[in-house]
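Input: a single structure, listed below in structure tokens.
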Amino acid sequence: MRYLKINILIISILILYQFTIGQTNNKIVTGEKHIIHSEIIGEDKEYWIHLPIDYDNSSDKYPVLYITDGDEHFFLASGLTEFMSSQFIIPEFIVVAIFHKDRNHDLTPTHCLTDINGFKSDAAKISGGGEKLLQFIEKELIAEIDKKYRTYSYRVLAGHSLGGLFCMYAYVNRSDLFKGFYFDGSGT
């Protein structure tokens, strides 16, 4: 497993290096930062978006990969989707990385007072915002992405650790919202 993570990191670095070739302004641009005000959650939510390399030169519509914990997984997900699509393993994807002010709140579907070992936890006290996050994604974020970008209805939701828990919750409660789910519970 460790070698797989190292290989993924090396591939991602090589892909990011490829982005720099042929660019005259010496900038490496992997995506854009956006803010959307959520009426459902009652706060501004940050998201980053990565468009396929040929997005501006085509009229194609693209599937969308929504990932939790955008601060941790945006560059990896963007690099991997570019690499895998360049090898014709997957189609080109638009990647949307969702950021959280408090992941212990946003990514947990129910309120709990203890951690996974049964001990009282301050982090668990604020748990239980997962349903509102899912409503935000369903009613506000997807609508904004579909309005601003050329998308089609093939959507994938991916998450790791608490993000994986959130993905399982979405799969059980709104399986029609996404065509694919990836959840990795390691780390919880």
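Residue numbers start at 1 in each chain; chains themselves are named A, B, ... in the order of the structure tokens; ligands are numbered from 1 in the order shown.
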
Alpha helix (DSSP H) call set, DSSP backbone run, stretch 41-141 of chain A, as an mmCIF file with N, CA and C atoms, in the first residue's frame:
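Once everything was written out, this is out.cif:
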```cif
data_model
loop_
_atom_site.group_PDB
_atom_site.id
_atom_site.type_symbol
_atom_site.label_atom_id
_atom_site.label_comp_id
_atom_site.auth_asym_id
_atom_site.auth_seq_id
_atom_site.Cartn_x
_atom_site.Cartn_y
_atom_site.Cartn_z
ATOM 1 N N GLY A 70 -11.301 18.943 0.141
ATOM 2 C CA GLY A 70 -10.630 19.528 -1.010
ATOM 3 C C GLY A 70 -9.210 19.969 -0.739
ATOM 4 N N ASP A 71 -8.945 20.444 0.477
ATOM 5 C CA ASP A 71 -7.598 20.909 0.810
ATOM 6 C C ASP A 71 -6.583 19.770 0.781
ATOM 7 N N GLU A 72 -7.010 18.566 1.031
ATOM 8 C CA GLU A 72 -6.104 17.421 1.062
ATOM 9 C C GLU A 72 -6.007 16.690 -0.277
ATOM 10 N N HIS A 73 -7.074 16.702 -1.070
ATOM 11 C CA HIS A 73 -7.130 15.795 -2.217
ATOM 12 C C HIS A 73 -7.278 16.456 -3.577
ATOM 13 N N PHE A 74 -7.351 17.773 -3.647
ATOM 14 C CA PHE A 74 -7.599 18.445 -4.924
ATOM 15 C C PHE A 74 -6.504 18.168 -5.955
ATOM 16 N N PHE A 75 -5.253 18.396 -5.587
ATOM 17 C CA PHE A 75 -4.168 18.245 -6.557
ATOM 18 C C PHE A 75 -3.987 16.792 -6.977
ATOM 19 N N LEU A 76 -4.126 15.885 -6.045
ATOM 20 C CA LEU A 76 -4.012 14.467 -6.369
ATOM 21 C C LEU A 76 -5.130 14.038 -7.312
ATOM 22 N N ALA A 77 -6.366 14.404 -6.984
ATOM 23 C CA ALA A 77 -7.504 14.011 -7.832
ATOM 24 C C ALA A 77 -7.400 14.640 -9.219
ATOM 25 N N SER A 78 -7.002 15.896 -9.287
ATOM 26 C CA SER A 78 -6.861 16.567 -10.582
ATOM 27 C C SER A 78 -5.779 15.901 -11.423
ATOM 28 N N GLY A 79 -4.635 15.640 -10.796
ATOM 29 C CA GLY A 79 -3.536 14.994 -11.510
ATOM 30 C C GLY A 79 -3.879 13.594 -11.976
ATOM 31 N N LEU A 80 -4.518 12.828 -11.106
ATOM 32 C CA LEU A 80 -4.869 11.451 -11.477
ATOM 33 C C LEU A 80 -5.918 11.399 -12.580
ATOM 34 N N THR A 81 -6.909 12.275 -12.522
ATOM 35 C CA THR A 81 -7.918 12.257 -13.590
ATOM 36 C C THR A 81 -7.295 12.667 -14.914
ATOM 37 N N GLU A 82 -6.387 13.644 -14.902
ATOM 38 C CA GLU A 82 -5.709 14.034 -16.150
ATOM 39 C C GLU A 82 -4.862 12.889 -16.682
ATOM 40 N N PHE A 83 -4.084 12.243 -15.800
ATOM 41 C CA PHE A 83 -3.236 11.141 -16.242
ATOM 42 C C PHE A 83 -4.079 9.978 -16.779
ATOM 43 N N MET A 84 -5.080 9.570 -16.014
ATOM 44 C CA MET A 84 -5.873 8.411 -16.426
ATOM 45 C C MET A 84 -6.669 8.691 -17.700
ATOM 46 N N SER A 85 -7.137 9.912 -17.870
ATOM 47 C CA SER A 85 -7.859 10.220 -19.113
ATOM 48 C C SER A 85 -6.890 10.297 -20.286
ATOM 49 N N SER A 86 -5.655 10.751 -20.063
ATOM 50 C CA SER A 86 -4.669 10.786 -21.154
ATOM 51 C C SER A 86 -4.279 9.383 -21.605
ATOM 52 N N ARG A 103 -14.554 19.789 9.390
ATOM 53 C CA ARG A 103 -14.886 18.494 8.776
ATOM 54 C C ARG A 103 -15.580 17.555 9.758
ATOM 55 N N ASN A 104 -15.294 17.684 11.070
ATOM 56 C CA ASN A 104 -15.971 16.849 12.062
ATOM 57 C C ASN A 104 -17.466 17.130 12.086
ATOM 58 N N HIS A 105 -17.846 18.325 11.741
ATOM 59 C CA HIS A 105 -19.262 18.684 11.665
ATOM 60 C C HIS A 105 -19.838 18.304 10.300
ATOM 61 N N ASP A 106 -19.192 18.801 9.240
ATOM 62 C CA ASP A 106 -19.743 18.667 7.891
ATOM 63 C C ASP A 106 -19.851 17.225 7.404
ATOM 64 N N ASP A 122 -14.413 16.205 22.357
ATOM 65 C CA ASP A 122 -14.842 17.556 22.012
ATOM 66 C C ASP A 122 -15.135 17.661 20.514
ATOM 67 N N ALA A 123 -14.341 16.966 19.694
ATOM 68 C CA ALA A 123 -14.559 16.996 18.243
ATOM 69 C C ALA A 123 -15.915 16.395 17.882
ATOM 70 N N ALA A 124 -16.329 15.355 18.606
ATOM 71 C CA ALA A 124 -17.608 14.706 18.305
ATOM 72 C C ALA A 124 -18.800 15.567 18.714
ATOM 73 N N LYS A 125 -18.608 16.475 19.648
ATOM 74 C CA LYS A 125 -19.720 17.298 20.128
ATOM 75 C C LYS A 125 -20.366 18.118 19.020
ATOM 76 N N GLY A 130 -23.778 16.323 8.321
ATOM 77 C CA GLY A 130 -23.718 15.650 7.027
ATOM 78 C C GLY A 130 -24.956 15.817 6.161
ATOM 79 N N GLU A 131 -26.134 15.787 6.762
ATOM 80 C CA GLU A 131 -27.368 15.932 5.975
ATOM 81 C C GLU A 131 -27.435 17.314 5.334
ATOM 82 N N LYS A 132 -27.062 18.337 6.069
ATOM 83 C CA LYS A 132 -27.068 19.694 5.487
ATOM 84 C C LYS A 132 -26.029 19.812 4.380
ATOM 85 N N LEU A 133 -24.864 19.201 4.566
ATOM 86 C CA LEU A 133 -23.856 19.229 3.508
ATOM 87 C C LEU A 133 -24.381 18.535 2.255
ATOM 88 N N LEU A 134 -25.036 17.410 2.439
ATOM 89 C CA LEU A 134 -25.584 16.693 1.293
ATOM 90 C C LEU A 134 -26.660 17.516 0.589
ATOM 91 N N GLN A 135 -27.506 18.186 1.354
ATOM 92 C CA GLN A 135 -28.514 19.069 0.746
ATOM 93 C C GLN A 135 -27.850 20.224 0.001
ATOM 94 N N PHE A 136 -26.773 20.782 0.580
ATOM 95 C CA PHE A 136 -26.020 21.850 -0.088
ATOM 96 C C PHE A 136 -25.477 21.365 -1.423
#
```

>> DSSP on the backbone, strand (DSSP E) only: what residues of stretch 23-180 of chain A does that give? Format it as a PyMOL selection string.
In response: chain A and resi 32-38+43-50+62-67+94-98+151-160+180

Go ahead and save the residues from that selection, with C-alpha atoms, as an mmCIF file, in the first residue's frame.
```cif
data_model
loop_
_atom_site.group_PDB
_atom_site.id
_atom_site.type_symbol
_atom_site.label_atom_id
_atom_site.label_comp_id
_atom_site.auth_asym_id
_atom_site.auth_seq_id
_atom_site.Cartn_x
_atom_site.Cartn_y
_atom_site.Cartn_z
ATOM 1 C CA GLU A 32 -9.679 27.999 -9.665
ATOM 2 C CA LYS A 33 -10.947 28.895 -6.206
ATOM 3 C CA HIS A 34 -14.627 29.804 -5.802
ATOM 4 C CA ILE A 35 -16.936 30.769 -2.945
ATOM 5 C CA ILE A 36 -20.653 30.057 -2.876
ATOM 6 C CA HIS A 37 -22.976 31.248 -0.143
ATOM 7 C CA SER A 38 -25.108 28.384 1.105
ATOM 8 C CA GLU A 43 -22.269 30.115 5.547
ATOM 9 C CA ASP A 44 -19.938 30.633 2.627
ATOM 10 C CA LYS A 45 -18.541 27.386 1.243
ATOM 11 C CA GLU A 46 -15.276 27.278 -0.653
ATOM 12 C CA TYR A 47 -14.735 24.957 -3.566
ATOM 13 C CA TRP A 48 -11.963 24.568 -6.111
ATOM 14 C CA ILE A 49 -12.530 23.434 -9.663
ATOM 15 C CA HIS A 50 -10.195 21.768 -12.139
ATOM 16 C CA TYR A 62 -17.907 16.394 -19.042
ATOM 17 C CA PRO A 63 -18.682 14.167 -16.065
ATOM 18 C CA VAL A 64 -17.958 15.677 -12.654
ATOM 19 C CA LEU A 65 -15.980 14.252 -9.759
ATOM 20 C CA TYR A 66 -16.947 15.807 -6.407
ATOM 21 C CA ILE A 67 -14.397 15.228 -3.659
ATOM 22 C CA ILE A 94 -14.261 18.189 -14.172
ATOM 23 C CA VAL A 95 -13.028 17.957 -10.562
ATOM 24 C CA VAL A 96 -14.824 19.872 -7.795
ATOM 25 C CA ALA A 97 -13.107 19.895 -4.405
ATOM 26 C CA ILE A 98 -15.290 20.874 -1.442
ATOM 27 C CA THR A 151 -21.426 19.088 -17.567
ATOM 28 C CA TYR A 152 -23.585 16.083 -18.066
ATOM 29 C CA SER A 153 -25.354 14.140 -15.377
ATOM 30 C CA TYR A 154 -22.630 11.540 -14.717
ATOM 31 C CA ARG A 155 -21.378 12.484 -11.251
ATOM 32 C CA VAL A 156 -19.037 10.691 -8.868
ATOM 33 C CA LEU A 157 -18.636 11.430 -5.148
ATOM 34 C CA ALA A 158 -15.362 10.477 -3.475
ATOM 35 C CA GLY A 159 -14.132 10.769 0.085
ATOM 36 C CA HIS A 160 -11.532 9.441 2.492
ATOM 37 C CA GLY A 180 -20.493 6.448 -8.775
#
```

> Which one of A:Asp69, A:Ile142, A:Ser175, A:Lys148 sits closest to A:Gly163 if you count only C-alpha atoms?
Replying inline: A:Asp69

> Interatomic distance between atom CA of A:Glu92 and atom CA of A:Lys61?
Replying inline: 9.5 Å

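Each of A:Leu165, A:Pro109, A:Thr68, A:Pro52 was checked against A:Pro91 using only C-alpha atoms; the smallest atom-to-atom distance is that of A:Pro52.
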
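Our summary of the geometry notes that atom CA of A:Asp176 is positioned 26.4 Å from atom CA of A:Phe88.
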